[in-house]
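So this block is protein-v4.txt, compact mmCIF, C-alpha atoms and all ligand atoms:
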```
# COMPACT_ATOMS: atom_id res chain seq x y z
CA MET Z 228 0.00 0.00 0.00
CA LEU Z 229 2.67 2.44 1.02
CA SER Z 230 4.73 1.65 -2.09
CA SER Z 231 1.76 2.11 -4.43
CA VAL Z 232 0.99 5.47 -2.79
CA LEU Z 233 4.63 6.46 -3.31
CA ALA Z 234 4.51 5.26 -6.92
CA LEU Z 235 1.38 7.34 -7.52
CA GLY Z 236 3.07 10.37 -6.01
CA LEU Z 237 6.10 9.88 -8.23
CA ALA Z 238 3.95 9.45 -11.33
CA ALA Z 239 2.07 12.66 -10.53
CA THR Z 240 5.38 14.51 -10.16
CA LEU Z 241 6.56 13.22 -13.52
CA VAL Z 242 3.35 14.21 -15.26
CA THR Z 243 3.32 17.76 -13.89
CA ALA Z 244 7.04 18.44 -14.48
CA GLY Z 245 7.82 19.39 -18.08
CA PRO Z 246 11.01 18.29 -19.87
CA CYS Z 247 12.84 21.48 -18.89
CA ASP Z 248 11.74 21.22 -15.24
CA ILE Z 249 13.25 17.73 -15.25
CA TYR Z 250 16.53 18.88 -16.84
CA ALA Z 251 16.72 21.72 -14.30
CA SER Z 252 16.27 19.33 -11.38
CA GLY Z 253 19.12 17.26 -12.86
CA ASP Z 254 21.33 20.37 -12.78
CA THR Z 255 21.49 20.51 -16.61
CA PRO Z 256 18.97 23.27 -17.37
CA CYS Z 257 17.51 23.93 -20.80
CA VAL Z 258 19.21 26.85 -22.56
CA ALA Z 259 16.89 26.56 -25.56
CA ALA Z 260 13.46 24.91 -25.75
CA HIS Z 261 11.46 24.71 -28.97
CA SER Z 262 8.09 23.15 -29.67
CA THR Z 263 5.03 23.92 -31.77
CA THR Z 264 3.06 21.20 -29.99
CA ARG Z 265 3.30 21.97 -26.26
CA ALA Z 266 4.91 23.91 -23.45
CA LEU Z 267 8.13 22.31 -22.20
CA TYR Z 268 7.99 23.88 -18.70
CA SER Z 269 5.04 23.17 -16.40
CA ASP Z 270 4.51 26.92 -15.78
CA TYR Z 271 5.15 28.21 -19.32
CA THR Z 272 2.43 30.53 -20.59
CA GLY Z 273 4.35 32.45 -23.29
CA SER Z 274 4.12 31.99 -27.04
CA LEU Z 275 5.13 28.68 -28.62
CA TYR Z 276 5.31 29.80 -32.24
CA GLN Z 277 4.21 32.45 -34.71
CA VAL Z 278 2.26 31.79 -37.89
CA GLN Z 279 2.15 34.03 -40.94
CA ARG Z 280 -0.76 34.18 -43.38
CA SER Z 281 0.05 34.19 -47.10
CA SER Z 282 -3.15 36.15 -47.92
CA ASP Z 283 -2.06 39.37 -46.18
CA SER Z 284 1.32 38.52 -44.56
CA THR Z 285 -0.01 39.25 -41.09
CA THR Z 286 1.16 37.14 -38.16
CA THR Z 287 -0.21 35.84 -34.90
CA ASP Z 288 1.35 34.04 -31.95
CA ILE Z 289 0.16 30.64 -30.78
CA GLY Z 290 0.49 29.89 -27.07
CA PRO Z 291 -0.43 26.95 -24.90
CA VAL Z 292 -4.10 26.48 -23.97
CA SER Z 293 -3.05 26.72 -20.31
CA ALA Z 294 0.18 26.97 -18.30
CA GLY Z 295 2.38 24.08 -19.37
CA GLY Z 296 -0.27 22.84 -21.78
CA ILE Z 297 -0.56 21.87 -25.41
CA ALA Z 298 -0.62 24.37 -28.29
CA ASP Z 299 -3.80 26.32 -28.91
CA SER Z 300 -4.28 24.99 -32.43
CA ALA Z 301 -7.83 26.39 -32.61
CA THR Z 302 -6.37 29.92 -32.74
CA GLN Z 303 -4.17 28.89 -35.67
CA ASP Z 304 -7.11 27.22 -37.43
CA SER Z 305 -9.30 30.32 -37.27
CA PHE Z 306 -6.45 32.74 -38.14
CA CYS Z 307 -5.45 30.59 -41.14
CA ASP Z 308 -8.99 29.82 -42.31
CA GLY Z 309 -9.16 30.10 -46.11
CA THR Z 310 -5.46 30.82 -46.69
CA ASP Z 311 -2.07 29.17 -46.42
CA CYS Z 312 -0.07 29.75 -43.26
CA TYR Z 313 3.61 29.28 -42.50
CA ILE Z 314 5.53 28.88 -39.25
CA SER Z 315 7.55 32.11 -39.10
CA ILE Z 316 9.03 31.89 -35.59
CA ILE Z 317 9.54 28.96 -33.20
CA TYR Z 318 9.93 30.73 -29.86
CA ASP Z 319 12.48 29.72 -27.25
CA GLN Z 320 10.69 28.84 -24.03
CA SER Z 321 13.89 28.92 -21.91
CA GLY Z 322 13.92 32.67 -21.38
CA ASN Z 323 17.19 33.06 -23.31
CA GLY Z 324 15.47 34.48 -26.38
CA ASN Z 325 16.89 31.76 -28.62
CA ASP Z 326 14.03 31.88 -31.11
CA LEU Z 327 14.34 30.06 -34.43
CA THR Z 328 13.51 32.00 -37.58
CA GLN Z 329 13.95 31.54 -41.34
CA ALA Z 330 17.51 30.36 -41.95
CA PRO Z 331 19.67 32.75 -43.99
CA ALA Z 332 21.70 31.73 -47.02
CA GLY Z 333 24.87 29.81 -46.22
CA GLY Z 334 27.90 28.21 -47.76
CA PHE Z 335 25.76 25.57 -49.43
CA ASP Z 336 23.42 26.86 -52.11
CA GLY Z 337 20.56 24.40 -51.78
CA PRO Z 338 17.68 23.25 -53.97
CA GLY Z 339 15.52 26.05 -55.28
CA THR Z 340 17.10 28.65 -53.07
CA ASN Z 341 19.61 31.37 -53.64
CA GLY Z 342 19.06 32.97 -50.31
CA ALA Z 343 17.04 32.29 -47.20
CA ASP Z 344 15.42 28.89 -46.68
CA ASN Z 345 11.71 28.26 -46.94
CA LEU Z 346 9.34 28.37 -43.98
CA ALA Z 347 7.37 25.25 -43.05
CA SER Z 348 3.65 25.01 -43.73
CA ALA Z 349 1.76 25.56 -40.47
CA THR Z 350 -0.53 22.62 -41.27
CA GLY Z 351 1.98 20.21 -42.81
CA ALA Z 352 2.40 17.94 -39.82
CA PRO Z 353 -0.83 17.52 -37.81
CA VAL Z 354 -0.63 15.07 -34.91
CA THR Z 355 -2.45 14.56 -31.63
CA LEU Z 356 -1.36 14.93 -28.02
CA ASN Z 357 -3.62 12.77 -25.87
CA GLY Z 358 -6.22 13.06 -28.63
CA GLU Z 359 -6.05 16.85 -29.23
CA THR Z 360 -4.80 18.12 -32.60
CA VAL Z 361 -1.58 20.11 -32.69
CA TYR Z 362 0.88 20.87 -35.48
CA GLY Z 363 4.52 19.89 -35.90
CA VAL Z 364 7.13 21.43 -38.18
CA LEU Z 365 7.25 19.72 -41.58
CA VAL Z 366 10.69 20.24 -43.13
CA THR Z 367 10.60 19.68 -46.88
CA PRO Z 368 13.90 20.02 -48.83
CA GLY Z 369 14.81 23.72 -48.86
CA THR Z 370 13.16 24.45 -45.48
CA GLY Z 371 15.26 25.58 -42.52
CA TYR Z 372 15.35 27.58 -39.28
CA ARG Z 373 18.31 29.08 -37.47
CA ASN Z 374 19.59 31.39 -34.72
CA ASP Z 375 23.18 32.59 -35.22
CA VAL Z 376 23.25 34.78 -32.08
CA ALA Z 377 22.08 32.31 -29.45
CA THR Z 378 22.67 32.95 -25.75
CA GLY Z 379 23.73 30.31 -23.23
CA THR Z 380 24.36 27.46 -25.66
CA ALA Z 381 27.60 25.45 -25.42
CA THR Z 382 30.69 26.86 -27.11
CA GLY Z 383 34.18 25.39 -27.43
CA ASP Z 384 34.45 22.08 -25.58
CA ALA Z 385 31.66 22.89 -23.09
CA ALA Z 386 29.22 20.13 -22.20
CA GLU Z 387 25.66 20.03 -23.50
CA GLY Z 388 22.74 17.71 -24.08
CA MET Z 389 19.79 17.76 -26.43
CA TYR Z 390 16.74 15.78 -27.42
CA ALA Z 391 14.16 16.04 -30.16
CA VAL Z 392 10.89 14.24 -30.86
CA LEU Z 393 10.69 13.54 -34.59
CA ASP Z 394 8.58 11.64 -37.13
CA GLY Z 395 10.44 8.35 -37.55
CA THR Z 396 8.84 7.78 -40.95
CA ASN Z 397 9.67 11.11 -42.66
CA TYR Z 398 13.31 11.27 -43.70
CA ASN Z 399 15.62 11.06 -46.70
CA ASP Z 400 19.28 10.42 -47.51
CA GLN Z 401 20.27 14.01 -48.19
CA CYS Z 402 22.20 16.37 -45.94
CA CYS Z 403 21.06 17.18 -43.30
CA PHE Z 404 17.92 17.07 -41.18
CA ASP Z 405 19.51 18.36 -37.96
CA TYR Z 406 18.54 20.00 -34.67
CA GLY Z 407 21.23 21.41 -32.44
CA ASN Z 408 24.50 23.31 -32.18
CA ALA Z 409 26.12 24.73 -35.34
CA GLU Z 410 28.28 27.46 -36.85
CA THR Z 411 27.39 31.10 -36.35
CA SER Z 412 28.63 31.93 -39.89
CA ASN Z 413 26.30 29.64 -41.91
CA THR Z 414 29.43 28.10 -43.41
CA ASP Z 415 31.41 24.92 -42.80
CA THR Z 416 34.24 25.97 -40.49
CA GLY Z 417 35.58 22.44 -40.00
CA SER Z 418 35.55 19.30 -37.88
CA GLY Z 419 34.10 19.67 -34.39
CA HIS Z 420 32.34 22.98 -35.05
CA MET Z 421 28.90 21.34 -34.68
CA GLU Z 422 27.11 19.01 -32.29
CA ALA Z 423 23.58 18.31 -33.49
CA ILE Z 424 21.02 15.54 -33.72
CA TYR Z 425 20.78 14.12 -37.26
CA PHE Z 426 17.92 11.86 -38.39
CA GLY Z 427 17.71 10.13 -41.76
CA ASN Z 428 19.36 7.52 -43.98
CA CYS Z 429 22.25 9.51 -45.39
CA THR Z 430 25.16 7.07 -45.91
CA VAL Z 431 27.80 9.51 -47.13
CA TRP Z 432 29.54 9.40 -43.70
CA GLY Z 433 28.39 7.10 -40.88
CA SER Z 434 25.54 4.60 -40.91
CA GLY Z 435 24.09 1.99 -38.59
CA ALA Z 436 22.43 -1.42 -38.68
CA GLY Z 437 20.02 -2.21 -41.48
CA ASP Z 438 18.77 0.28 -44.05
CA GLY Z 439 18.08 3.19 -41.68
CA PRO Z 440 16.90 5.73 -40.82
CA TRP Z 441 19.34 6.31 -37.98
CA ILE Z 442 19.90 8.82 -35.21
CA MET Z 443 23.42 10.14 -35.73
CA ALA Z 444 25.41 13.16 -34.57
CA ASP Z 445 26.35 15.88 -37.04
CA LEU Z 446 29.76 16.95 -35.69
CA GLU Z 447 30.63 18.78 -38.93
CA ASN Z 448 32.38 17.18 -41.79
CA GLY Z 449 30.65 14.02 -40.85
CA LEU Z 450 27.56 12.25 -39.51
CA PHE Z 451 28.65 9.90 -36.74
CA SER Z 452 26.86 6.72 -35.62
CA GLY Z 453 29.72 5.83 -33.25
CA GLU Z 454 33.32 6.68 -32.64
CA SER Z 455 34.24 6.75 -36.33
CA ALA Z 456 32.30 7.94 -39.36
CA ALA Z 457 31.77 4.36 -40.49
CA ASN Z 458 29.11 1.70 -40.23
CA ASN Z 459 28.45 1.12 -36.52
CA ALA Z 460 26.09 -1.81 -36.07
CA ASP Z 461 25.05 -0.77 -32.54
CA ASP Z 462 23.14 2.19 -34.02
CA PRO Z 463 19.81 0.59 -34.99
CA SER Z 464 17.38 1.45 -37.77
CA ILE Z 465 14.44 3.36 -36.32
CA THR Z 466 10.97 1.95 -36.96
CA ALA Z 467 8.84 4.02 -34.54
CA ARG Z 468 6.34 6.57 -35.89
CA PHE Z 469 7.44 8.97 -33.12
CA VAL Z 470 11.08 8.80 -32.10
CA THR Z 471 12.91 10.44 -29.21
CA ALA Z 472 16.46 11.24 -30.35
CA VAL Z 473 19.18 12.22 -27.87
CA ILE Z 474 22.74 13.49 -28.44
CA LYS Z 475 25.01 14.76 -25.68
CA GLY Z 476 28.67 15.66 -25.47
CA GLU Z 477 31.37 16.73 -23.01
CA PRO Z 478 35.18 16.73 -23.19
CA ASN Z 479 36.23 13.54 -25.04
CA GLN Z 480 32.89 11.88 -24.35
CA TRP Z 481 29.62 11.82 -26.26
CA ALA Z 482 26.55 9.64 -26.64
CA ILE Z 483 23.65 8.74 -28.92
CA ARG Z 484 20.42 7.58 -27.26
CA GLY Z 485 16.94 6.95 -28.59
CA GLY Z 486 13.62 5.21 -28.29
CA ASP Z 487 9.97 5.12 -29.25
CA ALA Z 488 8.47 8.42 -28.03
CA THR Z 489 5.19 6.67 -27.24
CA ALA Z 490 6.50 3.57 -25.44
CA ASP Z 491 7.00 3.29 -21.71
CA GLY Z 492 10.51 2.37 -20.69
CA ALA Z 493 13.92 3.90 -20.69
CA LEU Z 494 15.76 5.17 -23.71
CA SER Z 495 18.44 2.90 -25.14
CA THR Z 496 22.06 3.96 -25.50
CA TYR Z 497 23.30 3.39 -29.06
CA TYR Z 498 26.79 4.83 -28.50
CA SER Z 499 28.61 6.22 -25.49
CA GLY Z 500 32.33 6.78 -25.60
CA ALA Z 501 35.26 8.77 -26.86
CA ARG Z 502 35.23 11.52 -29.46
CA PRO Z 503 36.22 10.64 -33.02
CA SER Z 504 39.84 11.26 -33.93
CA GLY Z 505 40.26 14.95 -34.68
CA TYR Z 506 37.21 15.97 -32.58
CA ASN Z 507 38.86 16.38 -29.17
CA PRO Z 508 38.58 19.09 -28.07
CA MET Z 509 35.40 20.26 -29.78
CA ILE Z 510 35.13 23.79 -31.16
CA LYS Z 511 31.38 24.31 -30.84
CA GLU Z 512 30.09 27.71 -31.93
CA GLY Z 513 26.66 27.78 -30.27
CA ALA Z 514 24.30 28.72 -33.10
CA ILE Z 515 21.08 26.68 -33.33
CA ILE Z 516 19.80 24.99 -36.49
CA LEU Z 517 16.65 23.07 -37.40
CA GLY Z 518 16.21 21.10 -40.63
CA ILE Z 519 19.56 21.98 -42.22
CA GLY Z 520 23.29 21.38 -41.92
CA GLY Z 521 25.73 23.89 -40.48
CA ASP Z 522 26.58 25.32 -43.90
CA ASN Z 523 22.84 25.51 -44.72
CA SER Z 524 22.86 22.22 -46.67
CA ASN Z 525 19.12 21.96 -47.09
CA GLY Z 526 18.38 18.90 -49.18
CA ALA Z 527 16.96 16.86 -46.32
CA GLN Z 528 13.45 16.35 -45.02
CA GLY Z 529 11.97 15.45 -41.66
CA THR Z 530 9.40 16.46 -39.06
CA PHE Z 531 10.13 18.14 -35.72
CA TYR Z 532 7.67 18.28 -32.82
CA GLU Z 533 9.74 19.41 -29.83
CA GLY Z 534 13.33 19.63 -28.70
CA VAL Z 535 15.70 21.29 -26.26
CA MET Z 536 19.37 22.01 -25.73
CA THR Z 537 20.87 22.00 -22.24
CA SER Z 538 23.85 23.37 -20.37
CA GLY Z 539 25.89 20.49 -18.92
CA TYR Z 540 25.91 16.77 -19.74
CA PRO Z 541 22.56 15.30 -18.65
CA SER Z 542 22.54 11.99 -16.81
CA ASP Z 543 20.84 9.01 -18.42
CA GLU Z 544 18.38 9.06 -15.49
CA THR Z 545 17.40 12.66 -16.23
CA GLU Z 546 16.85 11.81 -19.90
CA ASP Z 547 14.80 8.75 -18.95
CA SER Z 548 12.54 10.99 -16.84
CA VAL Z 549 12.19 13.35 -19.81
CA GLN Z 550 11.24 10.34 -21.95
CA ALA Z 551 8.54 9.43 -19.40
CA ASP Z 552 7.14 12.97 -19.73
CA ILE Z 553 7.15 12.68 -23.54
CA VAL Z 554 5.32 9.34 -23.34
CA ALA Z 555 2.77 10.90 -20.97
CA ALA Z 556 2.20 13.73 -23.49
CA GLY Z 557 0.64 11.07 -25.71
CA TYR Z 558 1.82 11.64 -29.28
CA GLY Z 559 -0.47 9.99 -31.80
CA THR Z 560 -2.10 10.25 -35.20
CA SER Z 561 -5.79 10.75 -35.69
C1 LIG Z 601 16.89 5.98 -48.07
O1 LIG Z 601 15.57 5.48 -47.91
C2 LIG Z 601 14.76 5.64 -49.06
C3 LIG Z 601 13.36 5.17 -48.68
O2 LIG Z 601 13.39 3.85 -48.19
C4 LIG Z 601 15.35 4.85 -50.22
O3 LIG Z 601 14.57 5.04 -51.38
C5 LIG Z 601 16.78 5.34 -50.47
O4 LIG Z 601 17.39 4.55 -51.48
C6 LIG Z 601 17.60 5.24 -49.19
N1 LIG Z 601 18.91 5.82 -49.40
C7 LIG Z 601 20.04 5.19 -49.09
C8 LIG Z 601 21.29 5.95 -49.34
O5 LIG Z 601 20.07 4.05 -48.65
```

Kindly transcribe the structure held in the file into structure tokens.
Amino acid sequence: MLSSVLALGLAATLVTAGPCDIYASGDTPCVAAHSTTRALYSDYTGSLYQVQRSSDSTTTDIGPVSAGGIADSATQDSFCDGTDCYISIIYDQSGNGNDLTQAPAGGFDGPGTNGADNLASATGAPVTLNGETVYGVLVTPGTGYRNDVATGTATGDAAEGMYAVLDGTNYNDQCCFDYGNAETSNTDTGSGHMEAIYFGNCTVWGSGAGDGPWIMADLENGLFSGESAANNADDPSITARFVTAVIKGEPNQWAIRGGDATADGALSTYYSGARPSGYNPMIKEGAIILGIGGDNSNGAQGTFYEGVMTSGYPSDETEDSVQADIVAAGYGTS
């Protein structure tokens, strides 16, 4: 009896604490928190994202329906009624002002662009959270978001963690559907200048077991599934519709973790160990990218629902608690 009461109390704590509350209690606070589907702090009441109407170019902000709640998609639906809408800003919930906006041109001149990347359709990736419709960020080739003047993100060899919830079935083999730390110059400044989550079946650098897709780390000048940019059989092909992808790094140590974002149970560790040769120390620059590579390589596709970057190297236990919160959020398709 006592143990079941304690278990109930613990479960209630997990449900009410958002991902960033959990990272904070693990002493690895979020320094950037992005989601178009829900608040990532239990007390967050600010805006989640901004949509822009193509009919008259006006914008409106979409917040959570309540503190710490899911996105108020009804406001988007009425604002965008009868016209196309695009996601123009993905706000940072961490308080650091690390908003993501249309990525500028970079070293790589991608498909159909000779300048800034495209914005995602605001209705391209509808999903449900415990049965209520919300919208993710559908990245088609040529789409990308960035912040080159981020505050509080890891630079140099500083430790950081990150996770993202993605659509495990929307990917391709182009470079690079990423979320995480990248160059501030929009150009490739060399090995170790990035540390970002990659998701897809690009085989130009590393790869994992089977045909993919895989969670890998984009460390610049290479996608890594393990210590070397080679085939690492411990990095499995992902089959889940909703996948939680985790990358973290600290001096001469980094890890890939992942799991089904809708399945109870801990995340699995696909790699944990030393830096690749030539990547110790890291030379992280602290910009934030979504949907593109560090040099604005924008041939990839994917779908992003939520993600954060932290200060410090999160423990596996902290990440497992975050995974429990993601599972409780109830991602699904209608
Ligand atoms: C990536 O996956 C797609 C879809 O299954 C497939 O058509 C493509 O050939 C794959 N690319 C590589 C490099 O394996």

Quick one: residues within 9 Å of Gly559 in chain Z, all atoms listed in the file, excluding same-chain residues fewer than 4 positions away - as an mmCIF file with C-alpha atoms, keeping the file's coordinate frame?
```cif
data_model
loop_
_atom_site.group_PDB
_atom_site.id
_atom_site.type_symbol
_atom_site.label_atom_id
_atom_site.label_comp_id
_atom_site.auth_asym_id
_atom_site.auth_seq_id
_atom_site.Cartn_x
_atom_site.Cartn_y
_atom_site.Cartn_z
ATOM 1 C CA VAL Z 354 -0.630 15.070 -34.910
ATOM 2 C CA THR Z 355 -2.450 14.560 -31.630
ATOM 3 C CA LEU Z 356 -1.360 14.930 -28.020
ATOM 4 C CA ASN Z 357 -3.620 12.770 -25.870
ATOM 5 C CA GLY Z 358 -6.220 13.060 -28.630
ATOM 6 C CA ARG Z 468 6.340 6.570 -35.890
ATOM 7 C CA PHE Z 469 7.440 8.970 -33.120
ATOM 8 C CA THR Z 489 5.190 6.670 -27.240
#
```

Exercise. What's the 8 Å shell around Gly342 in chain Z, counting only C-alpha atoms, without same-chain residues fewer than 3 positions away, as a list in words?
Worked result: Pro331, Ala332, Gly333 and Asp336 of chain Z

Mind dumping a table of every chain Z residue within 10 Å of ligand LIG 601 (chain Z), with the nearest atom pair and its distance in Å to one decimal, using all atoms listed in the file, sorted by chain and rising number, as CSV?
```
residue,atom,partner,partner_atom,distance
Z:Thr396,CA,Z:LIG601,C3,9.3
Z:Asn397,CA,Z:LIG601,C3,9.2
Z:Tyr398,CA,Z:LIG601,O1,7.5
Z:Asn399,CA,Z:LIG601,C1,5.4
Z:Asp400,CA,Z:LIG601,N1,5.0
Z:Gln401,CA,Z:LIG601,C8,8.2
Z:Gly427,CA,Z:LIG601,C1,7.6
Z:Asn428,CA,Z:LIG601,C1,5.0
Z:Cys429,CA,Z:LIG601,C8,5.4
Z:Thr430,CA,Z:LIG601,C8,5.3
Z:Val431,CA,Z:LIG601,C8,7.7
Z:Ser434,CA,Z:LIG601,O5,9.5
Z:Gly437,CA,Z:LIG601,O5,9.5
Z:Asp438,CA,Z:LIG601,O5,6.1
Z:Gly439,CA,Z:LIG601,C1,7.1
Z:Pro440,CA,Z:LIG601,O1,7.2
```

Using all atoms of range 402-410 of chain Z that appear in the file, construct an axis-aligned enclosing box with 8 Å of padding on every side and provide its centre coordinates and edge lengths in Å, rounded to one decimal, as JSON.
```
{"center_x": 23.1, "center_y": 21.9, "center_z": -39.1, "size_x": 26.4, "size_y": 27.1, "size_z": 29.8}
```

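Reported to one decimal place, the separation of CA of Ile424 in chain Z from CA of Gln528 in chain Z is 13.6 Å.
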
Counting only C-alpha atoms, find the residues whose atoms lie at most 7 Å from (0.6, 28.9, -20.4) (file coordinates) and write them out as a PDB file with C-alpha atoms, keeping the file's coordinate frame.
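Writing done, so here's out-v6.pdb:
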```
ATOM      1  CA  ASP Z 270       4.510  26.920 -15.780  1.00  0.00           C
ATOM      2  CA  TYR Z 271       5.150  28.210 -19.320  1.00  0.00           C
ATOM      3  CA  THR Z 272       2.430  30.530 -20.590  1.00  0.00           C
ATOM      4  CA  GLY Z 273       4.350  32.450 -23.290  1.00  0.00           C
ATOM      5  CA  GLY Z 290       0.490  29.890 -27.070  1.00  0.00           C
ATOM      6  CA  PRO Z 291      -0.430  26.950 -24.900  1.00  0.00           C
ATOM      7  CA  VAL Z 292      -4.100  26.480 -23.970  1.00  0.00           C
ATOM      8  CA  SER Z 293      -3.050  26.720 -20.310  1.00  0.00           C
ATOM      9  CA  ALA Z 294       0.180  26.970 -18.300  1.00  0.00           C
ATOM     10  CA  GLY Z 295       2.380  24.080 -19.370  1.00  0.00           C
ATOM     11  CA  GLY Z 296      -0.270  22.840 -21.780  1.00  0.00           C
TER      12      GLY Z 296
END
```

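Closest approach to Thr466 in chain Z among Z:Ile442, Z:Ala482, Z:Ala259, Z:Cys402 is made by Z:Ile442 (distances from only C-alpha atoms).
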
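Interatomic distance, CA of Asp415 in chain Z against CA of Ile516 in chain Z: 13.2 Å.
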
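Distances from Z:Gly521, Z:Thr530, Z:Ser274, Z:Thr414 to Ser348 in chain Z were compared using only C-alpha atoms, and the smallest one belongs to Z:Thr530.
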
For this session: Pick out the residues sitting within 9 Å of Gly500 in chain Z, and hand them over as an NGL selection string; count all atoms listed in the file, and ignore anything fewer than 6 positions along from it in its own chain.
Result: :Z and (453-454 or 479-482)

Write out as a tab-separated table a residue-level contact list of range 474-516 of chain Z versus range 533-550 of chain Z with cut-off 7 Å: for each qualifying residue the closest pair of atoms and the distance in Å to one decimal, counting all atoms listed in the file, rows sorted by chain and residue number upward.
```
residue	atom	partner	partner_atom	distance
Z:Lys475	CA	Z:Tyr540	CA	6.3
Z:Gly476	CA	Z:Tyr540	CA	6.5
Z:Glu477	CA	Z:Tyr540	CA	6.4
Z:Ala488	CA	Z:Gln550	CA	7.0
Z:Ala493	CA	Z:Asp547	CA	5.2
Z:Leu494	CA	Z:Asp547	CA	6.0
```

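For the choices Z:Val278, Z:Ile465, Z:Ala385, Z:Ala460, the atom-to-atom distance to His420 in chain Z is smallest for Z:Ala385 when using all atoms listed in the file.
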
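When CA of Thr287 in chain Z is paired with CA of Ile317 in chain Z, their separation reads 12.1 Å.
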
For this session: Using all atoms listed in the file, pick whichever of Z:Asp319, Z:Asp254, Z:Asp462, Z:Asp344 has the shortest atom-to-atom distance to Ile515 in chain Z.
Result: Z:Asp319

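Excluding Ile519 in chain Z and any residue on its chain fewer than 3 positions from it, the residues at most 7 Å away by only C-alpha atoms are Z:Gly371, Z:Cys403, Z:Phe404, Z:Asp405, Z:Ile516, Z:Asn523, Z:Ser524, Z:Asn525.
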